[in-house]
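Trainee: Here it is, the structure, as structure tokens.
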Amino acid sequence: MVQKLNKNRYLFWGFQTLTFIIMFVWNGRIVGQTLFRILSVGDHQVIAMLNALAFVALVWLMYLLSLKRKGGQHNNLGYIILVLTTTLLIPDFGQTVLWKAGAGNYLWIGVLNLLFIYLFTSKTFLTTRKLSLTTFLQTLFFYSVALLAGIGNENTSGGTLILVLIYLGVLFCQKAPFVLNRSLAVVINLIGYLILVLSPAAKIRTLATFGKEYYDVPVIVRALKGLLKINETVMTTYLPLLAALVLLALLRYNTKKDRYLFAGLAWTLAGGAIIYALALSPMGQEGGRSFFGGIIYLIIGLFLLAPTGIQNTSSRRFAKQLCITVILMWSFLTLPAGFYDSFKSSQAINERYEKIKSQAKQARTNGKAIAVSSLTYEPMTKYSVNYHLMDITEDPAAWPNNLYNEHFDIPGVYLKR
């Protein structure tokens, strides 16, 4: 009895500690913003290496969840095509992968969500019921990933929750043995998601950006306007991806109805839900960073629906060769220009930063803002970190000028004409 009371006491204080932590950091995207702050400190080369590893992890998890589960063996050509397709289709690549703030909120959050789904659907992870230190650590890690994935970001985490619920539903329909770890992981993931969506930060951010008048418009009107914007974005930017998904789904349906057809449709449904949930958001319907998770899930659905395992007919070989050729040509025509654009943009930004650093000491002494010229290179593609982002203005007190003040410890900065 004494031991039981002690355990309850420890649990009680543990819950109080957890409540304190949640309330102290309850600003919505606490995971993404914390990752952003971690990426913003320390040696730049080390952070760049970690970010590169995160992108490799993202594509590797996409491969494990699609091609690896279909083929069983290492598919080098498939992996290359997956890397190219992901690099081509990721929204605002420079801002979601290369930019630290975007990487923390999208790239790293994407890795967490895919890792949770991979562990959740794995047939080899946590299969033993034998109690051991290894099992305990694996379980703790699994639940931690489930919680962090839930607190990721509003639409991607919602899509993940849809996927794992579909998976549980399939297991229930198949009358599979009940697995406590999976069910508890869904509950923990849901708790994390509720912490995220019930955070007051999202409403505060909306009020600060659009004013209280935004909430005077009926929800259904806002949703319909958002839906129309998303449809326009899909038609103008992602119609080829949508067409490919439809064609591959029909091909697999008419040639080989199997579990990969269902899995591909499930990922497609989750990806679509991630994107169309933005209809209820005050912004993000134009296909920018907010589309990141949805596009990633649609790409996984695409590769699950790809006709591997279907009878090797001449028409199938032609379709496969055509798809590979299109991806390779598209990559050749797009990626070199994107990488060049990214390099030139980063070079121009670094030139400005170096000028500010060289004048920072004098500016602190005389208390005057530093005048800088326009960037020597304007970004042209989504692979640049500042593509379609607002540059500094002539007003030192305006946003985003004021962001330079604390970073460089200067009185201010403004754009000279």
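Labels used: A, B, ... for chains in the order of the structure tokens, numbers from 1 for residues in each chain, and numbers from 1 for ligands as shown.
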Any idea what's packed within 12 Å of A:Leu375, counting only C-alpha atoms, ignoring anything in its chain fewer than 2 positions away? Could you give it as a ChimeraX atom specification?

Mentor: /A:344-353,355,372-373,377-379,386,390-393,415-417

Trainee: Just want the 12 Å neighbourhood of stretch 135-141 of chain A, counted on only C-alpha atoms, with same-chain residues fewer than 4 positions away dropped. Output as a PyMOL selection string.

Mentor: chain A and resi 112+115-116+119-120+124-131+145-148+180-182+184-185+188

Trainee: Export N, CA and C atoms of the chosen residues as a PDB file, in the first residue's frame?

Mentor:
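Written file, out.pdb:
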ATOM      1  N   LEU A 112       9.357  14.514 -37.774  1.00  0.00           N
ATOM      2  CA  LEU A 112       8.716  13.970 -36.568  1.00  0.00           C
ATOM      3  C   LEU A 112       7.415  13.240 -36.896  1.00  0.00           C
ATOM      4  N   LEU A 115       8.187  10.013 -38.819  1.00  0.00           N
ATOM      5  CA  LEU A 115       8.785   9.041 -37.903  1.00  0.00           C
ATOM      6  C   LEU A 115       7.718   8.397 -37.038  1.00  0.00           C
ATOM      7  N   PHE A 116       6.787   9.191 -36.539  1.00  0.00           N
ATOM      8  CA  PHE A 116       5.695   8.633 -35.732  1.00  0.00           C
ATOM      9  C   PHE A 116       4.864   7.641 -36.546  1.00  0.00           C
ATOM     10  N   LEU A 119       6.914   4.368 -37.138  1.00  0.00           N
ATOM     11  CA  LEU A 119       6.964   3.518 -35.945  1.00  0.00           C
ATOM     12  C   LEU A 119       5.597   2.925 -35.643  1.00  0.00           C
ATOM     13  N   PHE A 120       4.563   3.725 -35.834  1.00  0.00           N
ATOM     14  CA  PHE A 120       3.194   3.289 -35.549  1.00  0.00           C
ATOM     15  C   PHE A 120       2.776   2.129 -36.451  1.00  0.00           C
ATOM     16  N   THR A 124       7.725  -4.509 -36.794  1.00  0.00           N
ATOM     17  CA  THR A 124       8.858  -5.033 -36.022  1.00  0.00           C
ATOM     18  C   THR A 124       9.187  -4.188 -34.789  1.00  0.00           C
ATOM     19  N   PHE A 125       8.629  -2.987 -34.700  1.00  0.00           N
ATOM     20  CA  PHE A 125       8.937  -2.111 -33.571  1.00  0.00           C
ATOM     21  C   PHE A 125       8.019  -2.423 -32.405  1.00  0.00           C
ATOM     22  N   LEU A 126       8.587  -2.598 -31.228  1.00  0.00           N
ATOM     23  CA  LEU A 126       7.842  -2.893 -30.000  1.00  0.00           C
ATOM     24  C   LEU A 126       6.952  -4.128 -30.153  1.00  0.00           C
ATOM     25  N   THR A 127       7.503  -5.188 -30.714  1.00  0.00           N
ATOM     26  CA  THR A 127       6.724  -6.415 -30.900  1.00  0.00           C
ATOM     27  C   THR A 127       6.789  -7.336 -29.691  1.00  0.00           C
ATOM     28  N   THR A 128       7.851  -7.205 -28.892  1.00  0.00           N
ATOM     29  CA  THR A 128       7.996  -8.084 -27.731  1.00  0.00           C
ATOM     30  C   THR A 128       7.223  -7.540 -26.531  1.00  0.00           C
ATOM     31  N   ARG A 129       6.653  -8.436 -25.761  1.00  0.00           N
ATOM     32  CA  ARG A 129       5.942  -8.052 -24.532  1.00  0.00           C
ATOM     33  C   ARG A 129       6.819  -8.239 -23.292  1.00  0.00           C
ATOM     34  N   LYS A 130       8.041  -8.673 -23.515  1.00  0.00           N
ATOM     35  CA  LYS A 130       8.955  -8.893 -22.405  1.00  0.00           C
ATOM     36  C   LYS A 130       9.444  -7.558 -21.864  1.00  0.00           C
ATOM     37  N   LEU A 131       9.319  -7.385 -20.550  1.00  0.00           N
ATOM     38  CA  LEU A 131       9.742  -6.133 -19.925  1.00  0.00           C
ATOM     39  C   LEU A 131      11.266  -6.091 -19.816  1.00  0.00           C
ATOM     40  N   VAL A 145       7.696  10.821 -29.353  1.00  0.00           N
ATOM     41  CA  VAL A 145       7.527  11.197 -30.760  1.00  0.00           C
ATOM     42  C   VAL A 145       6.054  11.439 -31.067  1.00  0.00           C
ATOM     43  N   ALA A 146       5.176  10.606 -30.512  1.00  0.00           N
ATOM     44  CA  ALA A 146       3.732  10.776 -30.721  1.00  0.00           C
ATOM     45  C   ALA A 146       3.265  12.135 -30.212  1.00  0.00           C
ATOM     46  N   LEU A 147       3.734  12.529 -29.030  1.00  0.00           N
ATOM     47  CA  LEU A 147       3.344  13.818 -28.451  1.00  0.00           C
ATOM     48  C   LEU A 147       3.890  14.979 -29.270  1.00  0.00           C
ATOM     49  N   LEU A 148       5.170  14.916 -29.619  1.00  0.00           N
ATOM     50  CA  LEU A 148       5.796  16.002 -30.370  1.00  0.00           C
ATOM     51  C   LEU A 148       5.192  16.140 -31.763  1.00  0.00           C
ATOM     52  N   LEU A 180      -1.870  -2.400 -27.198  1.00  0.00           N
ATOM     53  CA  LEU A 180      -2.054  -1.272 -26.287  1.00  0.00           C
ATOM     54  C   LEU A 180      -1.163  -0.098 -26.660  1.00  0.00           C
ATOM     55  N   ASN A 181       0.080  -0.379 -27.047  1.00  0.00           N
ATOM     56  CA  ASN A 181       1.016   0.701 -27.370  1.00  0.00           C
ATOM     57  C   ASN A 181       0.480   1.615 -28.465  1.00  0.00           C
ATOM     58  N   ARG A 182      -0.104   1.019 -29.501  1.00  0.00           N
ATOM     59  CA  ARG A 182      -0.638   1.827 -30.609  1.00  0.00           C
ATOM     60  C   ARG A 182      -1.792   2.702 -30.132  1.00  0.00           C
ATOM     61  N   LEU A 184      -2.522   3.755 -27.090  1.00  0.00           N
ATOM     62  CA  LEU A 184      -2.044   4.816 -26.209  1.00  0.00           C
ATOM     63  C   LEU A 184      -1.311   5.900 -26.989  1.00  0.00           C
ATOM     64  N   ALA A 185      -0.582   5.482 -28.037  1.00  0.00           N
ATOM     65  CA  ALA A 185       0.137   6.460 -28.862  1.00  0.00           C
ATOM     66  C   ALA A 185      -0.831   7.396 -29.565  1.00  0.00           C
ATOM     67  N   ILE A 188      -2.066   9.872 -26.960  1.00  0.00           N
ATOM     68  CA  ILE A 188      -1.020  10.860 -26.676  1.00  0.00           C
ATOM     69  C   ILE A 188      -0.868  11.837 -27.832  1.00  0.00           C
TER      70      ILE A 188
END

Trainee: Which residue gives the smallest distance to A:Lys256 among A:Ile220, A:Val186, A:Ala306, A:Leu198, with only C-alpha atoms counted?

Mentor: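 Distance minimum relative to A:Lys256 lands on A:Ala306.
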
Trainee: Just give me the gap between atom CA of A:Asn402 and atom CA of A:Glu354 in Å, one decimal is fine.

Mentor: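 Those two atoms sit 17.5 Å apart.
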
Trainee: Given only C-alpha atoms as the basis, pick out the residue of A:Met380, A:Cys173, A:Ala371, A:Leu335 nearest to A:Tyr414.

Mentor: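 Of A:Met380, A:Cys173, A:Ala371, A:Leu335, the one nearest A:Tyr414, counting only C-alpha atoms, is A:Ala371.
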
Trainee: Between A:Leu278, A:Val221, A:Leu250, A:Leu322, which has the minimum distance to A:Phe262 (counting only C-alpha atoms)?

Mentor: A:Leu250

Trainee: Please provide the set of residues having any atom within 12 Å of A:Val219, restricted to only C-alpha atoms, with same-chain residues fewer than 6 positions apart removed, written as a PDB file with N, CA, C and O atoms, in the first residue's frame.

Mentor:
ATOM      1  N   LYS A 225     -14.421  31.094 -49.024  1.00  0.00           N
ATOM      2  CA  LYS A 225     -13.393  31.909 -49.672  1.00  0.00           C
ATOM      3  C   LYS A 225     -12.052  31.170 -49.661  1.00  0.00           C
ATOM      4  O   LYS A 225     -11.318  31.165 -50.662  1.00  0.00           O
ATOM      5  N   GLY A 226     -11.745  30.540 -48.535  1.00  0.00           N
ATOM      6  CA  GLY A 226     -10.505  29.775 -48.444  1.00  0.00           C
ATOM      7  C   GLY A 226     -10.493  28.600 -49.397  1.00  0.00           C
ATOM      8  O   GLY A 226      -9.478  28.303 -50.033  1.00  0.00           O
ATOM      9  N   ALA A 279      -8.551  25.970 -45.554  1.00  0.00           N
ATOM     10  CA  ALA A 279      -9.712  26.798 -45.881  1.00  0.00           C
ATOM     11  C   ALA A 279     -10.235  27.523 -44.649  1.00  0.00           C
ATOM     12  O   ALA A 279     -10.834  28.603 -44.749  1.00  0.00           O
ATOM     13  N   LEU A 280     -10.002  26.961 -43.473  1.00  0.00           N
ATOM     14  CA  LEU A 280     -10.440  27.575 -42.218  1.00  0.00           C
ATOM     15  C   LEU A 280      -9.368  28.457 -41.603  1.00  0.00           C
ATOM     16  O   LEU A 280      -9.558  29.014 -40.526  1.00  0.00           O
ATOM     17  N   SER A 281      -8.234  28.565 -42.282  1.00  0.00           N
ATOM     18  CA  SER A 281      -7.127  29.381 -41.781  1.00  0.00           C
ATOM     19  C   SER A 281      -7.224  30.785 -42.355  1.00  0.00           C
ATOM     20  O   SER A 281      -7.718  30.981 -43.471  1.00  0.00           O
ATOM     21  N   PRO A 282      -6.730  31.789 -41.614  1.00  0.00           N
ATOM     22  CA  PRO A 282      -6.777  33.160 -42.142  1.00  0.00           C
ATOM     23  C   PRO A 282      -5.794  33.390 -43.282  1.00  0.00           C
ATOM     24  O   PRO A 282      -5.895  34.377 -44.003  1.00  0.00           O
TER      25      PRO A 282
END

Trainee: Please compute the atom CA of A:Ala244-atom CA of A:Phe332 distance, one decimal, in Å.

Mentor: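 We find that atom CA of A:Ala244 and atom CA of A:Phe332 lie 19.9 Å from each other.
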